[in-house]
Structures are given as structure tokens and as C-alpha cells.
Amino acid sequence: MVQSVQRAIRILRELATDGPRLGVTELADRLGVAKPTVHALLRTLESEGLVSRDSEGSKYRLGPDLVAFGNAYLDTHELRSRSLTWAELLAARTKEAVWVSVLTGGRILVVHHAFRPEGAVQMLEVGAAIPWNASGFGKAIVAFSPPALRKELLLGELTALTGATATDPAVLTRQLDQAAAAGYAVEDQESTIGDGTIAAPVFDRSGEVAGAIGVVGPVERLLADPARQELAVAVRETARNLSRELGARRGGSVHLHS
């Protein structure tokens with residue numbers, strides 16, 4: 001590990017999660033590092049466009065060049081690039097918004113968002129990060145992940161976003177087992193009050209889970225039968241097709257037939 005690089009990354013993370021503007025003293029306290037060191041790191045990051053100062057010059061925020069990094073990540077992400085057509089088809093079939101997500105650390109990251117074909121103005125959610133335990137996408141991915149990763153995440157930080165979010169490892173274990181048996185996971189107002197999710201895992205050519213695809217919308221539309229069963233069928237079928245496009249063998253994985 002290169003300590004200066006590690007510290008610079010921590011600064012960016014602090015600005016991303018607790019910003020939008022933080023001063024040298026605040027950052028030094030959070031990192032446990034001397035102020036001159038933090039100031040030097042900030043000046044270096046500023047010179048590269050990764051952070052910028054406010055008009056008064058005393059606070060720092062994330063810089064514009066980070067947008068290019070984010071766009072480059074999305075443009076080169078195979079799951080996202082191969083999911084574009086399938087996500088649009090699923091949105092058209094279900095008349096609901098569709099997300100494609102991957103697991104990064106203890107959160108899911110939305111890498112693609114196909115808007116609901118009909119309805120009010122919608123906000124693009126690409127780049128949104130949600131604790132895995134508060135997300136149907138997270139549960140769909142973790143349910144089909146290696147046991148060691150599942151155990152690590154269950155023993156890690158379990159964040160509650162609403163009163164419905166499951167944070168008890170025993171409860172989450174049951175939910176993951178149910179998702180593994182059904183082939184899809186359901187979220188009922190765990191990340192946002194009033195919204196639900198039905199998501200299924202997507203597998204790559206190695207047979208490992210690469211992410212998840214699913215529908216997002218009001219619980220009264222998504223989770224009431226018979227709509228719930230019809231949506232689950234559509235989501236699973238789309239996940240199977242996307243998995244095959246990523247190279248997962250037809251009939252080569254029990255996950256594709258769960």
C-alpha cells in the first residue's frame with residue numbers, strides 16, 4: 001500500500017459521502033492526519049481536477065474531472081453495455097423502470113437505468129449507491145454469491161434506510177435463502193418508503209454472479225398479486241437472456257434455472 005495514495009482516496013470518499021464541502025481541519029480530523037499533509041494532498045488533487053475549492057477558498061468539494069472517470073467506468077463496464085437493450089425491452093414489457101446494478105463493497109451501484117415508458121418525470125438513478133441489505137438488487141446478488149462473501153457481508157455493517165430495512169443477520173439469511181430458492185429477490189420499502197423492487201441475478205461466462213437486473217416502482221403496482229408473479233417471470237427471463245449474452249452457458253448453471 002502507498003500511504004499517500006490511500007490518504008488521497010480517503011479524502012475523495014469523505015467528500016463523496018459527507019460533503020459536499022469540507023475544510024482542511026475537518027478532513028485532517030477525520031483522517032487522523034496532520035493538517036499540512038492534508039493540505040498538500042488537496043492541492044495535488046486540485047491540480048489534477050479531482051477536487052476544487054469554493055469561492056472563499058476555504059472549503060473543498062469533488063472536482064469536475066471525476067465525472068470523466070465515472071463515465072469511463074460505465075462505458076467500459078461489460079454488464080452495463082450488454083444490458084442496454086435487455087433493460088429497454090424489460091421496461092417496455094413491464095411498463096416499469098428497470099435498473100441494472102453491481103455489488104461494490106457493501107453497496108450496490110446502479111450502472112444503468114431504463115425509464116418507465118409511461119408516467120411522470122423521472123430522475124436518472126445511474127450512480128446511486130445503496131446498502132446491499134436495503135436493496136432487492138443487493139439481495140439477489142448476495143444470494144448467489146460465494147458463501148465466504150455472504151458471510152463477510154452479513155457480519156459487516158448493515159445500514160437501515162427505512163423502518164422496513166432488515167439489519168438482523170438471521171432475518172437477512174432467511175431472505176437470501178428465499179431468493180436463492182425463487183431465483184429472484186424482493187424489496188418492500190426497505191430503501192425508499194413506498195417503493196419496491198423485484199430483481200434477479202445475472203451471471204457471466206465463468207458462472208459467477210455479475211450483477212442484477214430488475215424493476216423498481218410503487219409497491220402497490222409491483223408487489224400485489226398477480227402483478228408480482230408476472231413481473232417476477234419477466235425479470236427472471238430477462239436475467240437469463242442477459243446472462244447468456246454475457247457468456248453464461250445455456251443449461252450450464254443451476255442458477256439459470258432456479
# chains A, B, ... in the order shown; residues from 1 in each chain; ligands from 1
>>> residues_around(residues="Arg82 (chain A)", least_positions_apart="5", cutoff="8 Å", atoms="only C-alpha atoms", output="MDAnalysis selection string")
chainID A and resid 242 245:246
>>> residues_around(residues="Thr85 (chain A)", least_positions_apart="5", cutoff="10 Å", atoms="only C-alpha atoms", output="mmCIF file with C-alpha atoms, in the first residue's frame")
data_model
loop_
_atom_site.group_PDB
_atom_site.id
_atom_site.type_symbol
_atom_site.label_atom_id
_atom_site.label_comp_id
_atom_site.auth_asym_id
_atom_site.auth_seq_id
_atom_site.Cartn_x
_atom_site.Cartn_y
_atom_site.Cartn_z
ATOM 1 C CA ARG A 80 -23.902 -2.297 -18.476
ATOM 2 C CA LEU A 90 -37.970 -5.306 -19.868
ATOM 3 C CA ALA A 91 -39.178 -1.742 -19.269
ATOM 4 C CA ALA A 114 -34.168 2.416 -18.211
ATOM 5 C CA LEU A 242 -28.699 -11.226 -20.324
#
>>> closest_residue(among="A:Pro201, A:Gly105, A:Asp225, A:Asp195", to="Glu157 (chain A)", atoms="only C-alpha atoms")
A:Gly105
>>> residues_around(residues="Asp188 (chain A)", least_positions_apart="2", cutoff="12 Å", atoms="only C-alpha atoms", output="PyMOL selection string")
chain A and resi 133-137+162-166+175+185-186+190-199+216-224+228
>>> atom_distance(atom1="CA of Gln3 (chain A)", atom2="CA of Leu103 (chain A)")
26.0 Å
>>> select_by_dssp(residues="region 23-255 of chain A", states="strand (DSSP E)", output="ChimeraX atom specification")
/A:23,51-53,59-62,97-104,107-114,129-131,185-188,195-203,209-218
>>> select_by_dssp(residues="region 92-239 of chain A", states="helix (DSSP H, G or I)", output="PDB file with C-alpha atoms, in the first residue's frame")
ATOM      1  CA  ALA A  92     -41.430  -1.934 -22.332  1.00  0.00           C
ATOM      2  CA  ARG A  93     -42.772  -5.358 -21.295  1.00  0.00           C
ATOM      3  CA  THR A  94     -43.486  -4.470 -17.672  1.00  0.00           C
ATOM      4  CA  TRP A 132     -26.866  -4.154  -0.150  1.00  0.00           C
ATOM      5  CA  ASN A 133     -29.152  -5.231   2.705  1.00  0.00           C
ATOM      6  CA  ALA A 134     -31.645  -2.450   1.867  1.00  0.00           C
ATOM      7  CA  GLY A 136     -33.570  -6.184  -3.745  1.00  0.00           C
ATOM      8  CA  PHE A 137     -30.649  -5.994  -6.160  1.00  0.00           C
ATOM      9  CA  GLY A 138     -28.170  -6.500  -3.336  1.00  0.00           C
ATOM     10  CA  LYS A 139     -30.088  -9.490  -2.015  1.00  0.00           C
ATOM     11  CA  ALA A 140     -30.369 -11.017  -5.495  1.00  0.00           C
ATOM     12  CA  ILE A 141     -26.596 -10.733  -5.936  1.00  0.00           C
ATOM     13  CA  VAL A 142     -25.554 -11.862  -2.447  1.00  0.00           C
ATOM     14  CA  ALA A 143     -27.974 -14.825  -2.516  1.00  0.00           C
ATOM     15  CA  PRO A 147     -20.582 -18.405   0.963  1.00  0.00           C
ATOM     16  CA  ALA A 148     -17.479 -16.556   2.163  1.00  0.00           C
ATOM     17  CA  LEU A 149     -18.668 -13.270   0.662  1.00  0.00           C
ATOM     18  CA  ARG A 150     -22.171 -13.762   2.016  1.00  0.00           C
ATOM     19  CA  LYS A 151     -20.774 -14.373   5.492  1.00  0.00           C
ATOM     20  CA  GLU A 152     -18.493 -11.333   5.282  1.00  0.00           C
ATOM     21  CA  LEU A 153     -21.376  -9.056   4.293  1.00  0.00           C
ATOM     22  CA  LEU A 154     -23.707 -10.437   6.967  1.00  0.00           C
ATOM     23  CA  LEU A 155     -21.054  -9.768   9.601  1.00  0.00           C
ATOM     24  CA  PRO A 169     -28.291 -11.237  10.050  1.00  0.00           C
ATOM     25  CA  ALA A 170     -30.730 -14.061  10.841  1.00  0.00           C
ATOM     26  CA  VAL A 171     -33.564 -12.303   9.021  1.00  0.00           C
ATOM     27  CA  LEU A 172     -31.310 -11.467   6.086  1.00  0.00           C
ATOM     28  CA  THR A 173     -30.113 -15.073   5.910  1.00  0.00           C
ATOM     29  CA  ARG A 174     -33.708 -16.245   5.549  1.00  0.00           C
ATOM     30  CA  GLN A 175     -34.340 -13.638   2.862  1.00  0.00           C
ATOM     31  CA  LEU A 176     -31.228 -14.707   0.964  1.00  0.00           C
ATOM     32  CA  ASP A 177     -32.228 -18.361   1.159  1.00  0.00           C
ATOM     33  CA  GLN A 178     -35.682 -17.479  -0.176  1.00  0.00           C
ATOM     34  CA  ALA A 179     -34.133 -15.508  -3.040  1.00  0.00           C
ATOM     35  CA  ALA A 180     -31.805 -18.384  -3.902  1.00  0.00           C
ATOM     36  CA  ALA A 181     -34.743 -20.795  -3.992  1.00  0.00           C
ATOM     37  CA  ALA A 182     -37.007 -18.500  -6.030  1.00  0.00           C
ATOM     38  CA  VAL A 219     -45.237  -1.305  -4.055  1.00  0.00           C
ATOM     39  CA  GLU A 220     -48.946  -1.258  -4.894  1.00  0.00           C
ATOM     40  CA  ARG A 221     -48.065  -1.883  -8.562  1.00  0.00           C
ATOM     41  CA  LEU A 222     -45.128  -4.246  -8.118  1.00  0.00           C
ATOM     42  CA  ALA A 227     -48.692  -8.436 -10.895  1.00  0.00           C
ATOM     43  CA  ARG A 228     -45.876  -9.635  -8.620  1.00  0.00           C
ATOM     44  CA  GLN A 229     -45.786 -13.108 -10.165  1.00  0.00           C
ATOM     45  CA  GLU A 230     -45.978 -11.752 -13.720  1.00  0.00           C
ATOM     46  CA  LEU A 231     -43.171  -9.284 -13.051  1.00  0.00           C
ATOM     47  CA  ALA A 232     -41.022 -11.964 -11.405  1.00  0.00           C
ATOM     48  CA  VAL A 233     -41.359 -14.147 -14.510  1.00  0.00           C
ATOM     49  CA  ALA A 234     -40.401 -11.245 -16.793  1.00  0.00           C
ATOM     50  CA  VAL A 235     -37.412 -10.261 -14.630  1.00  0.00           C
ATOM     51  CA  ARG A 236     -36.078 -13.819 -14.402  1.00  0.00           C
ATOM     52  CA  GLU A 237     -36.442 -14.397 -18.138  1.00  0.00           C
ATOM     53  CA  THR A 238     -34.591 -11.158 -18.883  1.00  0.00           C
ATOM     54  CA  ALA A 239     -31.855 -12.050 -16.395  1.00  0.00           C
TER      55      ALA A 239
END
>>> atom_distance(atom1="CA of Pro117 (chain A)", atom2="CA of Ser83 (chain A)")
16.9 Å
>>> closest_residue(among="A:Trp99, A:Trp86, A:Leu27, A:Asp168", to="Arg244 (chain A)", atoms="only C-alpha atoms")
A:Trp86
>>> atom_distance(atom1="CA of Arg21 (chain A)", atom2="CA of Gly57 (chain A)")
10.9 Å
>>> residues_around(residues="His112 (chain A)", least_positions_apart="4", cutoff="10 Å", atoms="only C-alpha atoms", output="list in words")
Leu74, Leu79, Arg80, Ser81, Ser83, Leu84, Ala87, Val98, Trp99, Val100, Ser101, Val102, Leu124, Glu125, Val126, Gly127, Ala128 and Ile213 of chain A
>>> residues_around(residues="region 4-9 of chain A", least_positions_apart="5", cutoff="12 Å", atoms="only C-alpha atoms", output="JSON, numbers by chain")
{"A": [14, 15, 16, 27, 28, 30, 31, 32, 33, 34, 37, 38, 39, 40, 41, 42, 43, 44, 45, 46, 50, 51, 62]}
